[in-house]
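Data first, discussion second: the structure below is written as structure tokens.
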2 protein chains.
Amino acid sequence: MTQELAVLQTAARKLRIHSLRSTAEAGSGHPTSCLSAAEIVSAIFFHAMRFDPANPHNPCNDRFILSKGHAAPVLYAALAEAGALPVEQLNTLRKITSDLEGHPTPRLPWVGAATGSLGQGLSVGVGMALNGKYLDKLDYRVYVLLGDGEIAEGGVWEAAAMASQYRLDHLIGVIDVNGLGQSQRTMYDHDVATYQTRFAAFGWHTRVVDGHDLEEILAALDEARLVKAQPTMIVARTLKGKGVSFLEDREGWHGKPLKKGDELEKALKELPLDGDSRPLQVARPQVPVSATRPAGEAVFPAPTYQLGEKVATRAAYGTALAKLGSVNPLVIALDGDTKNSTFAEKFLAAHPERYFEGYIAEQNMVGAAVGLAACGKLPFVSTFAAFLTRAFDHIRMAALSGVAIMYAGSHCAVSIGEDGPSQMGLEDLAMMRAVPHSTVLYPCDAVSGERLVATAAALKGTTYIRTSRPATPVIYPNTEEFPVGGSKVLRASEDDCLTVVAAGVTLHETLTAYETLKAAGLNVRVIDAYSVKPLDSDGILRAAAQTRNTVLVVEDHYYDGGLGDAVLNAVAEHGVRVHKMAVTDVPRSGKPEELLDVYGISARRIAEQVKKLMS
Amino acid sequence: MTQELAVLQTAARKLRIHSLRSTAEAGSGHPTSCLSAAEIVSAIFFHAMRFDPANPHNPCNDRFILSKGHAAPVLYAALAEAGALPVEQLNTLRKITSDLEGHPTPRLPWVGAATGSLGQGLSVGVGMALNGKYLDKLDYRVYVLLGDGEIAEGGVWEAAAMASQYRLDHLIGVIDVNGLGQSQRTMYDHDVATYQTRFAAFGWHTRVVDGHDLEEILAALDEARLVKAQPTMIVARTLKGKGVSFLEDREGWHGKPLKKGDELEKALKELPLDGDSRPLQVARPQVPVSATRPAGEAVFPAPTYQLGEKVATRAAYGTALAKLGSVNPLVIALDGDTKNSTFAEKFLAAHPERYFEGYIAEQNMVGAAVGLAACGKLPFVSTFAAFLTRAFDHIRMAALSGVAIMYAGSHCAVSIGEDGPSQMGLEDLAMMRAVPHSTVLYPCDAVSGERLVATAAALKGTTYIRTSRPATPVIYPNTEEFPVGGSKVLRASEDDCLTVVAAGVTLHETLTAYETLKAAGLNVRVIDAYSVKPLDSDGILRAAAQTRNTVLVVEDHYYDGGLGDAVLNAVAEHGVRVHKMAVTDVPRSGKPEELLDVYGISARRIAEQVKKLMS
């Protein structure tokens, strides 16, 4: 939209006024971080962007991501001035009933992904730009506003590398270089050349502007639209608190609102609306709304294994994912240069156009998945379970974004063997169980592995599938179903002395121990807890009631936070006795069977423990 | 040590032979990743480095960090050829009784920090170089060998920024650009200029070399020693599998050993030891070993609060840390531009020479802390609890390294109020409890806060201190002691109907609920579980036995993995009924007291729940 400079300048002033007023009303917030960005946001919203203020879900809308999420009030102000929100709503900022939260979340439909943990927005932008360029093939642009302080986050550079690698020319970033962090000047203060040099070195088209000079900003945004095969980063020199003399470039004002009354009024006096205050106009997207939902889905083909056949669950994951891709065109996959271990390579082979290589950069891989999910795709993100810990903050923020993402962590725990503890996912269940509304699945064989992958595609929010390195025997018929929240009773008799709950490799160890114990005259109930969260509490309580109220949980995971704790929660209010066997020390390198035994979760150790408990 | 090129060339060949043999013997490992680095490692160990092969703990030794940890066999080979290990020990690679693990861990005293999760070694090097330049003021150099694939990790760029910011001229990195990742060619294959440009943009002195040309490598290493006020990155173009014709630059060989017998022998035939095989010499450090232990420690001064005084535990953290710095000169602090919120700024004010600003880059902050800890310092690392999730993989690896690091996470959970969920640490207890051998502390007032900080400095391994944003009343006298693994019974009577276990802000809510309940004729036992891990299991079991075997846990944390689960574990085998109150949904922005109530952990909700349980 070509509006006169005076109109945009007045818009910037309005954004400042709204930001100061709404934070003063809330009694908290980050007004000075808004003031530095007022001209930038004015130029992006009322000059560069094309979107329909009446429809946040138009797939052709240009996207805006406020990576410096603490400047939320300026985003809300821009949305209000664009007609996307009632202006009066700005006064509800940070109130418990308001969707205008302290940092942006998708409770407000204009927010594609939650921000506020710094350094994540560019990855989200990469995901959205990948979707536009390679999947939906729409010409929308993705604008990301970054703070200068957050550029220190490594995730930003992971995103920068992927953006240039994938030639994302519809991705346009702006860094608001106000030089002031939370507690001191940023690493580079106003040295804009450093930012420019670095993004240029990472393959971006770059331009330095005075972030309070609208003419310069507009020229840079216009130029960005013409750049081909490269993302653009505009480095804008600004002043924190710009526009209010006693706030401008002053330390000690981060995250502080003005006091209502004299202090606020004094500031507002410096921001008279004497410019051109014609109503602001927003350019509409060029392409009409079109449904991109896929045609009716086919049925997921049943697994085709033989009972007893040895197949790693990670291999079953790859097989299932490739099949799922054929029945559901929204399914996409990302992997962090481990695809020949996680078997995401099977999806790549079947659906190369829907696979994105994340290289060894797990944070950005998850952040990009958030962006893709926000565009309606169903991302399956895989790497070693251990390396998903690298992205915990991003996984956490994805949960706040409410998007559906499937994480597959392979090579869990000591059963991987000789590679040693750095490669062993031993805290992944704890991490994933803690995520609100998450689903945690842990198959023990190829049939349950495939079935659970197919099920995952229909789930909301965060889903985690834990797969194992070693090949384990198929124990279920191909027709078996595995509902979320279910479990399987694999061994039962009327005189079971206790219930053993296991999953994954320890389920097989338990089945072996069962035979030893049976030979010794001890019958135990054996339950496969393939659904760790939600756990089949009723099933476990039922089994416990029939087995002397005693449960033994065996898992290949550190002691705290895993399957054992899930079982404890299931029986917590019922006075059932639970005994846990898990990894309590930092493991060594060694053969898988040696490690299972040394760290106390082998068939031999399980049988010993049952005998001890029953003696 | 100036050895003739021929000697070093022969050394490189020996490293190749050892790497091939030991991995073939182990039946697993990454020989081709060793072969690409043979000349580099030969040059670093037998030309550049000064160390005493008889004493890995000489503080003047130059350090070597194998960031590409999967090349462990070439490191072990170099140590053996240097006389630091018996050559025969190489045959124990990856065996369960051997300290030569699949990826390096400090079970071997020459390994300062565990590697194997890629992209962390440069941060460890930053920590070691900070120690040499700013703390111990020793002139040792720190050599870090990186793989090209791991350069995609953002943590590398966080480290790169901090290294140049702190002018770490004794930090010398070498990238082994063999162009091959695990599952495909790396993002930049052999485009060494890209790596050079990027590190130059990040303020490093750089040099490109042929990584198989010893003359070029030596010249670059010699040049690096002369560079002032800048770290150096040597970008070495190499071939994966170099030296064996059927492995060189071939895909499909990552992480695969040669088969013993014909395959191995065929390779070894291409590596005849016809060069100069004079014994290898290692340059010794120039400065003799000197003890850097501090003089005898003074006693930590008691806190000086008034009962009832309102002080945030985060403020007490800062006060205690500053005091601790005065009694223990090994204590250092790092913070991620949140020091005015975590109150690490109090330490900075008192001990500026021992404070390192980590900026907004939590991964590198933790990695640097590992390097500092490996040099004998006691790092206290602080940021918002939520943002420690950013560094989970580094925290995990620090635990594998066995170093003592104290993490302080402030602004936990919903009690922070209006800033909203992105800033709330709601999964930190789950994360930190999962870490093996960790200690998790959670003070509710300033006295316990200070005491626990002082205690933390004497602990081994991973210690986590969780602090809160709101000011809470001081409830303990200044003389009170808080042993790890203890708890405090704050309210007790002979007719208590249940035990409420709480910590932090919910402890205060519980004390308020106690009064309401008492007025209604219901007495409850109240326990402050300030030591979440280890938990005072005996104390809680004792209380439960006296209160109808019923326990209610109230915590400001997501439902899974926190204090509630710790209590469940404590009583698991005893059939006690445990009820949990925790945050079960994604919180909104709002006032702290509103949020506590809406998410079900306020005094009102606690009193309601107790009444319901007792009805």
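Identifiers in the structure tokens: chain A, B, ... in order shown; residue index from 1 per chain; ligand index from 1 in order shown.
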
Please return, as a PyMOL selection string, all residues of region 247-477 of chain B that DSSP assigns to strand (DSSP E or B) on the basis of the backbone. chain B and resi 283+310-312+331-335+355-357+378-384+405-410+412+425+439-441+462-466+471-473

Shell of 7 Å around Gly241 (chain B), only C-alpha atoms, local chain residues under 4 positions omitted, as number ranges by chain: B: 32-33, 35-36, 247-249

With N, CA, C and O atoms retained, write the just-selected residues as an mmCIF file, in the first residue's frame.
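Okay, this is what ended up in again-v8.cif:
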```cif
data_model
loop_
_atom_site.group_PDB
_atom_site.id
_atom_site.type_symbol
_atom_site.label_atom_id
_atom_site.label_comp_id
_atom_site.auth_asym_id
_atom_site.auth_seq_id
_atom_site.Cartn_x
_atom_site.Cartn_y
_atom_site.Cartn_z
ATOM 1 N N THR B 32 36.272 -43.251 9.840
ATOM 2 C CA THR B 32 36.518 -42.298 8.747
ATOM 3 C C THR B 32 36.561 -40.861 9.253
ATOM 4 O O THR B 32 37.245 -40.015 8.681
ATOM 5 N N SER B 33 35.847 -40.590 10.353
ATOM 6 C CA SER B 33 35.881 -39.255 10.958
ATOM 7 C C SER B 33 37.211 -39.010 11.659
ATOM 8 O O SER B 33 37.579 -37.862 11.922
ATOM 9 N N LEU B 35 40.111 -40.417 10.363
ATOM 10 C CA LEU B 35 41.099 -40.347 9.291
ATOM 11 C C LEU B 35 41.206 -38.938 8.707
ATOM 12 O O LEU B 35 42.296 -38.492 8.353
ATOM 13 N N SER B 36 40.090 -38.233 8.625
ATOM 14 C CA SER B 36 40.153 -36.876 8.066
ATOM 15 C C SER B 36 40.951 -35.943 8.967
ATOM 16 O O SER B 36 41.489 -34.939 8.504
ATOM 17 N N LEU B 247 37.787 -45.703 1.261
ATOM 18 C CA LEU B 247 37.002 -44.945 2.245
ATOM 19 C C LEU B 247 36.959 -43.458 1.915
ATOM 20 O O LEU B 247 36.003 -42.753 2.280
ATOM 21 N N GLU B 248 37.985 -42.996 1.216
ATOM 22 C CA GLU B 248 38.157 -41.564 0.993
ATOM 23 C C GLU B 248 36.953 -40.910 0.337
ATOM 24 O O GLU B 248 36.582 -41.280 -0.781
ATOM 25 N N ASP B 249 36.366 -39.939 1.061
ATOM 26 C CA ASP B 249 35.286 -39.114 0.513
ATOM 27 C C ASP B 249 34.087 -39.931 0.031
ATOM 28 O O ASP B 249 33.346 -39.490 -0.838
#
```

Residues near Ala11 (chain B), anyone? I mean within 9 Å using only C-alpha atoms, not counting same-chain ones fewer than 4 positions away, as an MDAnalysis selection string. chainID B and resid 6:7 15:16 38:39 42:43 46 78 81 275:277 280

Using C-alpha atoms, can you write the selected residues to a file as a compact mmCIF listing (two decimals), in the first residue's frame?
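This went into out_34.txt:
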```txt
# COMPACT_ATOMS: atom_id res chain seq x y z
CA ALA B 6 58.41 -36.49 8.41
CA VAL B 7 58.00 -37.35 12.07
CA LEU B 15 46.89 -42.23 14.38
CA ARG B 16 45.10 -43.60 11.33
CA ALA B 38 44.90 -37.33 11.45
CA GLU B 39 47.28 -34.59 10.26
CA SER B 42 49.27 -34.88 14.81
CA ALA B 43 50.15 -31.22 14.37
CA PHE B 46 53.14 -33.12 18.57
CA ALA B 78 47.28 -39.31 20.11
CA GLU B 81 51.49 -41.93 21.14
CA GLY B 275 58.30 -42.75 7.33
CA ASP B 276 60.42 -41.38 10.12
CA SER B 277 59.28 -43.31 13.15
CA LEU B 280 57.27 -38.66 19.29
```

Distance criterion (only C-alpha atoms): nearest to chain A out of B:Leu426, B:Val501, B:Leu85, B:Leu535: B:Leu426

Find the spatial neighbours of Gly102 (chain B), counting only C-alpha atoms, within a cut-off of 10 Å - ignore same-chain residues fewer than 4 positions away - and output them as a CSV table (one decimal) with all heavy atoms, in the first residue's frame.
```csv
chain,number,residue,atom,x,y,z
A,417,GLY,N,23.9,-49.0,23.3
A,417,GLY,CA,25.2,-49.7,23.4
A,417,GLY,C,26.4,-48.8,23.4
A,417,GLY,O,26.5,-47.8,24.1
A,418,GLU,N,27.4,-49.1,22.5
A,418,GLU,CA,28.7,-48.6,22.6
A,418,GLU,C,28.9,-47.1,22.4
A,418,GLU,O,30.0,-46.6,22.8
A,418,GLU,CB,29.6,-49.4,21.6
A,418,GLU,CG,29.9,-50.8,22.0
A,418,GLU,CD,28.8,-51.8,21.4
A,418,GLU,OE1,27.7,-51.3,21.0
A,418,GLU,OE2,29.0,-53.0,21.5
A,419,ASP,N,28.0,-46.5,21.8
A,419,ASP,CA,28.2,-45.0,21.5
A,419,ASP,C,28.3,-44.2,22.8
A,419,ASP,O,28.8,-43.1,22.8
A,419,ASP,CB,27.1,-44.5,20.6
A,419,ASP,CG,27.5,-44.6,19.1
A,419,ASP,OD1,28.7,-44.9,18.8
A,419,ASP,OD2,26.6,-44.4,18.3
A,420,GLY,N,27.8,-44.7,23.9
A,420,GLY,CA,28.0,-44.1,25.2
A,420,GLY,C,26.9,-43.1,25.5
A,420,GLY,O,26.0,-42.8,24.7
A,421,PRO,N,27.0,-42.5,26.7
A,421,PRO,CA,25.9,-41.7,27.3
A,421,PRO,C,25.6,-40.5,26.5
A,421,PRO,O,24.4,-40.1,26.5
A,421,PRO,CB,26.4,-41.4,28.7
A,421,PRO,CG,27.9,-41.5,28.6
A,421,PRO,CD,28.2,-42.6,27.6
A,422,SER,N,26.5,-39.8,25.8
A,422,SER,CA,26.1,-38.6,25.1
A,422,SER,C,25.1,-38.9,24.0
A,422,SER,O,24.3,-38.0,23.7
A,422,SER,CB,27.4,-38.0,24.5
A,422,SER,OG,27.9,-38.8,23.5
A,423,GLN,N,25.0,-40.1,23.5
A,423,GLN,CA,24.0,-40.4,22.5
A,423,GLN,C,22.8,-41.1,23.0
A,423,GLN,O,21.9,-41.4,22.2
A,423,GLN,CB,24.7,-41.4,21.5
A,423,GLN,CG,26.1,-41.1,21.1
A,423,GLN,CD,26.2,-39.7,20.3
A,423,GLN,OE1,25.6,-39.6,19.3
A,423,GLN,NE2,27.0,-38.8,20.9
A,588,ARG,N,28.0,-46.1,30.9
A,588,ARG,CA,29.2,-46.2,30.2
A,588,ARG,C,28.9,-46.6,28.7
A,588,ARG,O,27.8,-47.0,28.4
A,588,ARG,CB,30.1,-47.3,30.8
A,588,ARG,CG,30.7,-46.9,32.1
A,588,ARG,CD,31.5,-48.1,32.6
A,588,ARG,NE,32.5,-47.6,33.6
A,588,ARG,CZ,33.7,-47.2,33.4
A,588,ARG,NH1,34.2,-47.2,32.2
A,588,ARG,NH2,34.5,-46.8,34.4
A,589,SER,N,30.0,-46.7,27.9
A,589,SER,CA,29.9,-47.5,26.7
A,589,SER,C,29.9,-49.0,27.0
A,589,SER,O,30.6,-49.4,27.9
A,589,SER,CB,31.1,-47.1,25.8
A,589,SER,OG,31.0,-45.8,25.4
A,590,GLY,N,29.3,-49.7,26.1
A,590,GLY,CA,29.3,-51.2,26.3
A,590,GLY,C,28.3,-51.8,25.4
A,590,GLY,O,27.6,-51.1,24.7
B,23,THR,N,38.7,-49.4,16.3
B,23,THR,CA,37.3,-49.5,15.9
B,23,THR,C,36.9,-50.8,15.4
B,23,THR,O,35.8,-51.4,15.6
B,23,THR,CB,36.9,-48.3,15.0
B,23,THR,OG1,37.7,-48.3,13.8
B,23,THR,CG2,36.9,-47.0,15.6
B,26,ALA,N,36.6,-53.0,18.2
B,26,ALA,CA,35.4,-52.8,19.0
B,26,ALA,C,34.2,-53.2,18.2
B,26,ALA,O,33.1,-53.5,18.8
B,26,ALA,CB,35.3,-51.3,19.3
B,28,SER,N,32.5,-51.2,16.3
B,28,SER,CA,31.7,-50.1,16.1
B,28,SER,C,32.6,-48.8,16.2
B,28,SER,O,33.7,-48.9,16.7
B,28,SER,CB,30.5,-50.0,17.1
B,28,SER,OG,31.0,-49.8,18.4
B,29,GLY,N,32.1,-47.7,15.9
B,29,GLY,CA,32.8,-46.5,16.0
B,29,GLY,C,32.9,-45.7,14.6
B,29,GLY,O,32.3,-46.1,13.7
B,30,HIS,N,33.7,-44.7,14.6
B,30,HIS,CA,33.7,-43.7,13.5
B,30,HIS,C,35.1,-43.5,12.9
B,30,HIS,O,35.6,-42.4,12.9
B,30,HIS,CB,33.1,-42.4,13.9
B,30,HIS,CG,31.7,-42.5,14.5
B,30,HIS,ND1,31.5,-42.9,15.8
B,30,HIS,CD2,30.5,-42.1,14.0
B,30,HIS,CE1,30.2,-42.9,16.0
B,30,HIS,NE2,29.6,-42.4,15.0
B,69,GLY,N,33.1,-35.3,18.9
B,69,GLY,CA,33.5,-36.4,19.9
B,69,GLY,C,33.5,-37.7,19.3
B,69,GLY,O,34.1,-38.7,19.9
B,70,HIS,N,32.8,-37.9,18.2
B,70,HIS,CA,32.7,-39.3,17.6
B,70,HIS,C,34.1,-39.7,17.0
B,70,HIS,O,34.3,-40.8,16.7
B,70,HIS,CB,31.6,-39.4,16.5
B,70,HIS,CG,31.7,-38.3,15.5
B,70,HIS,ND1,31.4,-37.0,15.7
B,70,HIS,CD2,32.1,-38.3,14.2
B,70,HIS,CE1,31.5,-36.2,14.6
B,70,HIS,NE2,32.0,-37.0,13.7
B,71,ALA,N,35.0,-38.7,16.9
B,71,ALA,CA,36.4,-39.1,16.5
B,71,ALA,C,37.3,-39.4,17.7
B,71,ALA,O,38.5,-39.3,17.6
B,71,ALA,CB,37.0,-37.9,15.7
B,72,ALA,N,36.6,-39.9,18.7
B,72,ALA,CA,37.3,-40.2,20.0
B,72,ALA,C,38.6,-41.1,19.7
B,72,ALA,O,39.6,-40.9,20.3
B,72,ALA,CB,36.4,-40.9,20.9
B,73,PRO,N,38.5,-42.1,18.8
B,73,PRO,CA,39.7,-43.0,18.7
B,73,PRO,C,40.9,-42.3,18.3
B,73,PRO,O,42.0,-42.7,18.7
B,73,PRO,CB,39.2,-44.0,17.6
B,73,PRO,CG,37.7,-44.0,17.7
B,73,PRO,CD,37.3,-42.6,18.1
B,93,LEU,N,38.9,-50.0,23.5
B,93,LEU,CA,37.9,-49.0,23.0
B,93,LEU,C,36.5,-49.6,23.1
B,93,LEU,O,36.2,-50.7,22.6
B,93,LEU,CB,38.2,-48.6,21.6
B,93,LEU,CG,37.3,-47.6,20.9
B,93,LEU,CD1,37.5,-46.2,21.6
B,93,LEU,CD2,37.5,-47.6,19.4
B,94,ARG,N,35.6,-48.8,23.8
B,94,ARG,CA,34.2,-49.1,23.8
B,94,ARG,C,33.8,-50.3,24.6
B,94,ARG,O,32.6,-50.7,24.5
B,94,ARG,CB,33.6,-49.2,22.3
B,94,ARG,CG,33.6,-47.9,21.6
B,94,ARG,CD,33.2,-48.0,20.1
B,94,ARG,NE,32.8,-46.7,19.6
B,94,ARG,CZ,31.6,-46.3,19.3
B,94,ARG,NH1,30.6,-47.2,19.3
B,94,ARG,NH2,31.3,-45.1,18.9
B,95,LYS,N,34.7,-50.9,25.3
B,95,LYS,CA,34.4,-52.0,26.1
B,95,LYS,C,33.9,-51.5,27.5
B,95,LYS,O,34.3,-50.4,27.9
B,95,LYS,CB,35.6,-53.0,26.3
B,95,LYS,CG,36.0,-53.7,25.0
B,95,LYS,CD,36.9,-54.8,25.3
B,95,LYS,CE,37.2,-55.7,24.1
B,95,LYS,NZ,37.1,-55.0,22.7
B,98,SER,N,36.2,-50.2,30.0
B,98,SER,CA,37.3,-49.2,29.6
B,98,SER,C,36.8,-47.8,29.8
B,98,SER,O,35.7,-47.4,29.6
B,98,SER,CB,37.5,-49.5,28.1
B,98,SER,OG,38.4,-48.5,27.6
B,116,GLY,N,30.3,-35.2,22.3
B,116,GLY,CA,29.5,-36.2,21.6
B,116,GLY,C,28.1,-35.7,21.2
B,116,GLY,O,27.5,-36.1,20.2
```

As a list of chain:residue names, please: every residue in region 128-183 of chain B that DSSP puts in alpha helix (DSSP H). B:Met128, B:Ala129, B:Leu130, B:Gly154, B:Gly155, B:Val156, B:Trp157, B:Glu158, B:Ala159, B:Ala160, B:Ala161, B:Met162, B:Ala163, B:Ser164, B:Gln165

Need the shell around region 379-389 of chain A: protein/DNA/RNA residues with any atom at most 9 Å away, counting only C-alpha atoms. Skip same-chain ones fewer than 4 positions apart. Format as a ChimeraX atom specification? /A:321,330-339,341-344,362-363,365-366,369-370,372-373,393,395,404-413,422-428,431,457,466-467 /B:117,389-394,396

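Closest approach to chain B among A:Ile175, A:Val227, A:Ala513, A:Met162 is made by A:Met162 (distances from only C-alpha atoms).
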
Region 206-222 of chain A: which residues within 9 Å, counting only C-alpha atoms, same-chain residues fewer than 6 positions away excluded, as a VMD selection string? chain A and resid 5 8 to 9 36 to 40 42 to 44 47 to 48 172 176 to 177 192 to 193 196 to 197 199 to 200 231 to 239 242

Could you write out the selected residues, including N, CA and C atoms, as a JSON list (two decimals), in the first residue's frame?
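Final output, saved to again.json:
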```
[["chain", "number", "residue", "atom", "x", "y", "z"],
["A", 5, "LEU", "N", 4.23, 9.39, 3.28],
["A", 5, "LEU", "CA", 5.10, 9.30, 4.44],
["A", 5, "LEU", "C", 4.46, 9.89, 5.68],
["A", 8, "LEU", "N", 2.25, 7.48, 7.42],
["A", 8, "LEU", "CA", 2.99, 6.44, 8.13],
["A", 8, "LEU", "C", 3.65, 6.99, 9.39],
["A", 9, "GLN", "N", 4.09, 8.26, 9.27],
["A", 9, "GLN", "CA", 4.73, 8.88, 10.44],
["A", 9, "GLN", "C", 3.71, 9.07, 11.56],
["A", 36, "SER", "N", 11.09, 1.96, 20.12],
["A", 36, "SER", "CA", 12.19, 1.88, 19.15],
["A", 36, "SER", "C", 11.72, 1.31, 17.82],
["A", 37, "ALA", "N", 10.64, 0.53, 17.87],
["A", 37, "ALA", "CA", 10.19, -0.18, 16.67],
["A", 37, "ALA", "C", 9.01, 0.48, 15.97],
["A", 38, "ALA", "N", 8.61, 1.65, 16.41],
["A", 38, "ALA", "CA", 7.35, 2.22, 15.90],
["A", 38, "ALA", "C", 7.38, 2.48, 14.40],
["A", 39, "GLU", "N", 8.45, 3.09, 13.91],
["A", 39, "GLU", "CA", 8.50, 3.36, 12.46],
["A", 39, "GLU", "C", 8.60, 2.06, 11.67],
["A", 40, "ILE", "N", 9.37, 1.11, 12.19],
["A", 40, "ILE", "CA", 9.53, -0.18, 11.49],
["A", 40, "ILE", "C", 8.18, -0.87, 11.36],
["A", 42, "SER", "N", 5.20, 0.44, 11.66],
["A", 42, "SER", "CA", 4.33, 1.24, 10.80],
["A", 42, "SER", "C", 4.59, 0.93, 9.33],
["A", 43, "ALA", "N", 5.86, 0.88, 8.97],
["A", 43, "ALA", "CA", 6.21, 0.64, 7.57],
["A", 43, "ALA", "C", 5.83, -0.77, 7.13],
["A", 44, "ILE", "N", 6.04, -1.75, 8.01],
["A", 44, "ILE", "CA", 5.71, -3.13, 7.65],
["A", 44, "ILE", "C", 4.19, -3.30, 7.50],
["A", 47, "HIS", "N", 2.66, -0.31, 4.85],
["A", 47, "HIS", "CA", 3.27, -0.12, 3.54],
["A", 47, "HIS", "C", 3.57, -1.47, 2.87],
["A", 48, "ALA", "N", 4.28, -2.32, 3.60],
["A", 48, "ALA", "CA", 4.79, -3.54, 2.95],
["A", 48, "ALA", "C", 3.80, -4.69, 2.93],
["A", 172, "ILE", "N", 11.74, -11.83, 5.12],
["A", 172, "ILE", "CA", 12.35, -10.52, 5.30],
["A", 172, "ILE", "C", 12.42, -10.22, 6.80],
["A", 176, "ASP", "N", 15.81, -4.56, 15.11],
["A", 176, "ASP", "CA", 15.62, -3.29, 15.80],
["A", 176, "ASP", "C", 16.84, -3.09, 16.72],
["A", 177, "VAL", "N", 17.86, -2.45, 16.17],
["A", 177, "VAL", "CA", 19.12, -2.31, 16.91],
["A", 177, "VAL", "C", 19.04, -1.09, 17.82],
["A", 192, "VAL", "N", 25.89, -1.39, 13.94],
["A", 192, "VAL", "CA", 25.03, -2.06, 12.96],
["A", 192, "VAL", "C", 25.84, -2.83, 11.92],
["A", 193, "ALA", "N", 27.05, -2.38, 11.65],
["A", 193, "ALA", "CA", 27.88, -3.04, 10.64],
["A", 193, "ALA", "C", 28.15, -4.49, 11.02],
["A", 196, "GLN", "N", 25.19, -6.50, 10.05],
["A", 196, "GLN", "CA", 25.11, -6.59, 8.59],
["A", 196, "GLN", "C", 26.14, -7.59, 8.05],
["A", 197, "THR", "N", 27.37, -7.46, 8.52],
["A", 197, "THR", "CA", 28.44, -8.34, 8.04],
["A", 197, "THR", "C", 28.10, -9.80, 8.31],
["A", 199, "PHE", "N", 25.08, -11.29, 8.85],
["A", 199, "PHE", "CA", 24.00, -11.85, 8.02],
["A", 199, "PHE", "C", 24.45, -11.98, 6.57],
["A", 200, "ALA", "N", 25.25, -11.04, 6.10],
["A", 200, "ALA", "CA", 25.77, -11.16, 4.73],
["A", 200, "ALA", "C", 26.62, -12.43, 4.63],
["A", 231, "PRO", "N", 17.12, -14.55, 1.30],
["A", 231, "PRO", "CA", 16.35, -13.79, 2.28],
["A", 231, "PRO", "C", 17.01, -12.43, 2.50],
["A", 232, "THR", "N", 16.25, -11.49, 3.04],
["A", 232, "THR", "CA", 16.77, -10.14, 3.29],
["A", 232, "THR", "C", 16.73, -9.81, 4.77],
["A", 233, "MET", "N", 17.81, -9.22, 5.26],
["A", 233, "MET", "CA", 17.82, -8.72, 6.64],
["A", 233, "MET", "C", 18.09, -7.22, 6.61],
["A", 234, "ILE", "N", 17.15, -6.48, 7.16],
["A", 234, "ILE", "CA", 17.30, -5.03, 7.26],
["A", 234, "ILE", "C", 17.77, -4.71, 8.67],
["A", 235, "VAL", "N", 18.90, -4.06, 8.77],
["A", 235, "VAL", "CA", 19.47, -3.75, 10.07],
["A", 235, "VAL", "C", 19.17, -2.28, 10.38],
["A", 236, "ALA", "N", 18.30, -2.07, 11.35],
["A", 236, "ALA", "CA", 17.79, -0.73, 11.61],
["A", 236, "ALA", "C", 18.37, -0.16, 12.89],
["A", 237, "ARG", "N", 19.08, 0.93, 12.77],
["A", 237, "ARG", "CA", 19.62, 1.61, 13.95],
["A", 237, "ARG", "C", 18.50, 2.42, 14.59],
["A", 238, "THR", "N", 18.25, 2.14, 15.86],
["A", 238, "THR", "CA", 17.14, 2.82, 16.55],
["A", 238, "THR", "C", 17.56, 3.26, 17.94],
["A", 239, "LEU", "N", 16.66, 3.97, 18.59],
["A", 239, "LEU", "CA", 16.88, 4.32, 20.00],
["A", 239, "LEU", "C", 15.74, 3.71, 20.82],
["A", 242, "LYS", "N", 12.50, 5.78, 21.89],
["A", 242, "LYS", "CA", 12.49, 6.89, 20.93],
["A", 242, "LYS", "C", 11.14, 7.64, 20.94]]
```

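Near Ala349 (chain B), within 12 Å and counting only C-alpha atoms, sit Gly318, Thr319, Leu321, Ala322, Lys323, Gly325, Ser326, Ala333, Lys339, Asn340, Phe343, Ala344, Glu345, Lys346, Pro352, Glu353, Arg354 and Tyr355 of chain B, not including residues fewer than 3 positions from it in the same chain.
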